[in-house]
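Okay, so here's the structure we're looking at.
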Amino acid sequence: MFAYIVRRSAYGAVVVMGVLAILFALFFLYASPQEIALRAVGEKAPQEVIDQWIENHGYNRPLDELLVDHYRRMLTFDFGRSDADDTPIIDRLREGAGPSLSLTLPLFVLGLVLGIGLSLFVAYFRGTYIDTAGVVLAVLGMSVSVLLYIIGGQFLIGKLLRWFPISGFDPSPDLILRFLALPILIATAEGLGGSLRFYRTVFIEETSRDYVRTARAKGCGDGRIMARHVLRNAMIPILTRVVVAIPFLFTGSLLLESFFGIPGLGSLMVDAIQGNDFATLRVMVFIGSLLFIFAQIATDVSYTLVDPRVRLE
Amino acid sequence: MKGLGVAAVAAICAALTACTNNPYPDADETEKVRYRALPAPLKTLDPAVSYTSLEHKITANVYETLLEYHYLKRPYTLMPALAEAVPEPRTLSDGRVAYTFRLRPGMRFQDDPAFALGEAGRTTREILASDIAFELSRIADPDVASPVFATFAKIDGFRAFSEQLKQRRESDPDFAAQRIDRQYAAIGGISGVRTPSAHELEIILSERYPQILYWFAMPFTTPVPWEAIAYYDGQEGRDFFKDHPISVGPFQIAEYRRRSLIVLTRNPNWYGALHPQWRAPGTVYPSEGEAEDVERGRLDADLVGKPLPFLDRIEFRLEKETIPAFNKFIQGYYDASGIIQESFDKVVLEGGLSPDMAKRGMLLEKSVDPTISYIGFNMRDPVVGAVAGERGRKLRQAMSSVIDVEEYTRIFNNGRGVAAQSPLPPGIYGYDPEYRNPFRVTDVERAKSLLAEAGYPGGVDPATGKPLHLSFDLGDTSARGRVRYLYFVNAWNQLGIDVEIVATNYNKFREKMREGAYQVFMWGWIADYPDPENFLFLLWGPMAREGGGVNSANFDDPRYNALFLEMKDMPNGPARAERIRAMRSILERERPWIELTHSENFALYHGWMKNVKPAGLSLPAAKYEDIDQVLRAELRSEWNRPVVWPAYALAAIALAIAVPGVVTFFRERQ
């Protein structure tokens, strides 16, 4: 397995180098320093101030120097400063990771527990109207845009029913739950349709296997069959879906964080896009690619943990 | 097991009963806290760099300046703040102009550990003239890249200081490693900035520029202690200065979470708090204003002369999306708001508040911003420009006469905006509410005959036999923008002219403007200060865009240029008004611009907000505003009782659907 991880990591390194090359082409060759500077110093700044900004931020250096610097900085995690406000990007990442995790972690756990729990429930009642109602609601839920969930949820639960604040964030222990309740509720409801459809299919496939019939014939209870046998045997497709999502919990959710005013990394990405903050964008895309490669390897490794038949060579 | 289920149900019921949409700690309800929404994180609070109205909401309250604007008087009037008086210009024997500001003695900076750099154990010190000289040096410092460098370059020796500093830093690394104030001192400072005594600041301008005084009412020229720059360098866990202002104003920053929350609290070292006996104009509620202020209760006897500020705290919370922010305002969790397009018809009815909103005790305040949006012609273009002589002039007049800006405003801006007749907006000296520009009256028939006189009958170019083709350059590629621009294109189509929209991203658009590769374009301007010079210079010949200036139309009329030079240095009065009228009539005839609108701001305030007066100009208003927090707490509680029955109903429906199915399933299996 060690050799496999080393080999996959080496492939990953090649991908990362490629990603860095594309990033360089996009952010140094296509985008002009003039454009970045203009957003940073403001519309009214005269050309001499724009030129000074470009010089101060080193964007006027020769391309080969910029290329070497770009690779060196990214590979040593010396991310430099934001183009928009000169703050060290690593500080922004540190500040944003907490709020992002405080949203995505409970959302992930709740989504997983509810998704699997409800899927087991409807799979168990396969062919009854409970199953049909579950599938119809799931398809309906999947067909609605996430934006509608957010705006509709804020309107219905925040404005009309007044259960939770419409938006905002406060990390203090007595307020944080109040702010996170609505985005978690909305995002869980939004993701439930897809999860239900996926896991139900997996569980139904498993429940029709011989070992389930054998277990039932031996007098094993339904609850035990579903929870211990079916769930365990369905772990490979579940892990494929779940493990790959774990690293991205750090990068947060672009839409949820923006609409709910949560100062996480998703919202940082949106700010960077809106503010032509190419330095931050480069870092976020680079981190995204690293996490993706890590997630792929972690998924493969996780297979060996749940299924002894899987060997990584 | 059953007990566990009952406990879970009880817990859910209890949580539902306790749930609340209040985004603030309950203790806040008894304090004078003003809640404001910020639509985007702030880039910088460095006064030498910060140049957005958004950042000004903070910097204006934290950085007091030598002068400030009177809160109630219109047109905007300067009055002394940190200075004892508004200085008069002195013309020196060599033609240069000097201003001397005398600072009030005994003023102090906010308490801050940075001051220990100057003297161990010290937490504050007196504000001196040298602190303003230091800040002016920072504006000249190339490493700071201040956006207002060019404006202050009118100070004698400003540019030379900047160049010397750059050269020394490049040639001498030891010099570059020195403390910042020592670097400035080693260069010898800016020759046109002197401090004859600890409380005197003399500014010498190399040319006449009376508008410089307005810049001393902006945070660019606030006193900044060298200790702050030396200490807040981002090293060893310390903040950067741009995130850590040291206050000289009525409020100081108590908490700065850039991407979620900014809290301002009273600054106990503010000169108004330290020296209430001075009753300085900017530290007590004003006694003069306009007739409207009397009617609105802004000059009530119980207010006049009261020490400022009234608020204990101001909280800015990041709200990137307008819809949630507006809904929270409706719930009473923000004290004021603009009006979002989606809710405009619900809030405003026939120019006033809708009955629903009026019933909630809201106030609607309108103000016209000192702005102008316009369609411009490149006067160096052979078809639409001055080069085309009378033909080009008639063409511009014709194109100007078919744009119905009132309808445009009604369709695209909910009627918010004042139709512009000249570059000058209301509130700026020289604006004449009676003036009607004959080429800004929509008259298609007259426009057609002007076009025929221009040699394009029916919009046809005789040289090609086809409709005259013009390009309309824009720096906005959005679909929403395109619909707006099509409105103008359709208006010109009525004349038979074929106008093509050439939309590029904003940077490409600026490049084209710099290179002069355009015919017709659309742009706008927001004033820096309330003086006609700040609008009329947009059409002054030497400011042509091709030379790096802001005159995008490249308008260069010798008579206009001469009048501008006379007008810009004059005090407001009949002679200045006469020149402004003469300039206006040149613009009326020459039509380098089709003036569109002066933007209009509709602001909503809850009934508990007191002493609010909207200003088109960004002013430090927070110290004058007050809040009835008791009324606010009552109304918030009344408006925000949670409705929990739908949760129980939903649970009942889910059970009603699931339980029979489960029961039947098990019965059939048995």
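We label chains A, B, ... in the order they appear in the structure tokens, count residues from 1 in each chain, and number ligands from 1 in the order shown.
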May I have a table of the residues of chain A lying at most 6 Å from chain B, giving each one's closest pair of atoms and their distance in Å to one decimal, counting only C-alpha atoms, ordered by chain and ascending residue number, as a Markdown table?
| residue | atom | partner | partner_atom | distance |
| --- | --- | --- | --- | --- |
| A:Glu35 | CA | B:Asn507 | CA | 5.7 |
| A:Ala45 | CA | B:Pro147 | CA | 4.5 |
| A:Val49 | CA | B:Ala145 | CA | 5.6 |
| A:Trp53 | CA | B:Ala145 | CA | 5.9 |
| A:Asp85 | CA | B:Lys43 | CA | 4.8 |
| A:Leu161 | CA | B:Val643 | CA | 4.7 |
| A:Arg162 | CA | B:Pro642 | CA | 4.7 |
| A:Trp163 | CA | B:Thr20 | CA | 5.2 |
| A:Phe164 | CA | B:Asn21 | CA | 3.9 |
| A:Pro165 | CA | B:Asn21 | CA | 3.9 |
| A:Phe259 | CA | B:Glu321 | CA | 5.8 |
| A:Gly261 | CA | B:Glu319 | CA | 5.5 |
| A:Pro263 | CA | B:Arg259 | CA | 5.4 |
| task | Per DSSP on the backbone, filter segment 3-224 of chain A down to the residues in helix (DSSP H, G or I) and report them as a PyMOL selection string. | result | chain A and resi 3-30+33-41+47-56+63-75+89-124+129-143+146-160+176-207+210-217+222-224
| message | Can you tell me which residues surround segment 575-581 of chain B at a distance of at most 7 Å, considering only C-alpha atoms, apart from same-chain residues fewer than 5 positions away, and format the answer as a PyMOL selection string? | response | chain B and resi 430+563+567+570
| said: For Arg138 of chain B, find every residue with an atom within 12 Å (counting only C-alpha atoms), except residues of its own chain fewer than 4 positions away, and show them as number ranges by chain. | reply: B: 46-49, 131-134, 142-149, 152, 158, 161-162, 165, 180-181, 183-184, 189-190, 220-226, 229
| field | Residue contacts of segment 417-425 of chain B (10 Å, only C-alpha atoms) excluding same-chain residues fewer than 4 positions away, as a VMD selection string | value | chain B and resid 367 to 374 404 to 410 413 429 to 441 525 527 530 to 536 538 to 539 580 583 to 585 587 to 588 593 to 602
| Best match for closeness to Gly385 of chain B among B:Leu470, B:Ala177, B:Met543, B:Ile501, counting only C-alpha atoms | B:Leu470
| field | Contacts of segment 87-95 of chain A at 12 Å (only C-alpha atoms; same-chain gap of 2+ positions) as JSON, numbers by chain | value | {"A": [73, 74, 77, 78, 79, 80, 81, 82, 83, 84, 85, 97, 98, 99, 100, 101, 171, 250, 251, 252, 262, 263, 264, 265, 266, 267, 268, 269, 271, 272, 277, 278, 279, 280, 281, 282, 283, 284, 287], "B": [42, 43, 44, 233, 234, 235, 237, 239, 240, 241, 242, 243, 257, 258, 259, 260]}
Quick one: residues within 9 Å of segment 210-214 of chain A, only C-alpha atoms, excluding same-chain residues fewer than 6 positions away - as a PDB file with N, CA and C atoms, in the first residue's frame?
ATOM      1  N   CYS A 220     -32.431 -13.538  11.556  1.00  0.00           N
ATOM      2  CA  CYS A 220     -31.837 -12.244  11.941  1.00  0.00           C
ATOM      3  C   CYS A 220     -32.900 -11.138  11.811  1.00  0.00           C
ATOM      4  N   ILE A 225     -30.227  -6.549  10.232  1.00  0.00           N
ATOM      5  CA  ILE A 225     -29.807  -6.786   8.831  1.00  0.00           C
ATOM      6  C   ILE A 225     -29.431  -5.456   8.169  1.00  0.00           C
ATOM      7  N   MET A 226     -30.317  -4.467   8.331  1.00  0.00           N
ATOM      8  CA  MET A 226     -30.075  -3.178   7.659  1.00  0.00           C
ATOM      9  C   MET A 226     -28.841  -2.487   8.239  1.00  0.00           C
ATOM     10  N   HIS A 229     -25.465  -5.502   8.386  1.00  0.00           N
ATOM     11  CA  HIS A 229     -25.019  -6.215   7.184  1.00  0.00           C
ATOM     12  C   HIS A 229     -25.095  -5.340   5.929  1.00  0.00           C
ATOM     13  N   VAL A 230     -26.297  -4.794   5.675  1.00  0.00           N
ATOM     14  CA  VAL A 230     -26.482  -3.995   4.451  1.00  0.00           C
ATOM     15  C   VAL A 230     -25.576  -2.751   4.482  1.00  0.00           C
TER      16      VAL A 230
END
| request: Could you please determine the separation between atom CA of Val193 of chain B and atom CA of Ile139 of chain B in Å, to one decimal place? | output: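 Atom CA of Ile139 of chain B lies 12.4 Å from atom CA of Val193 of chain B.
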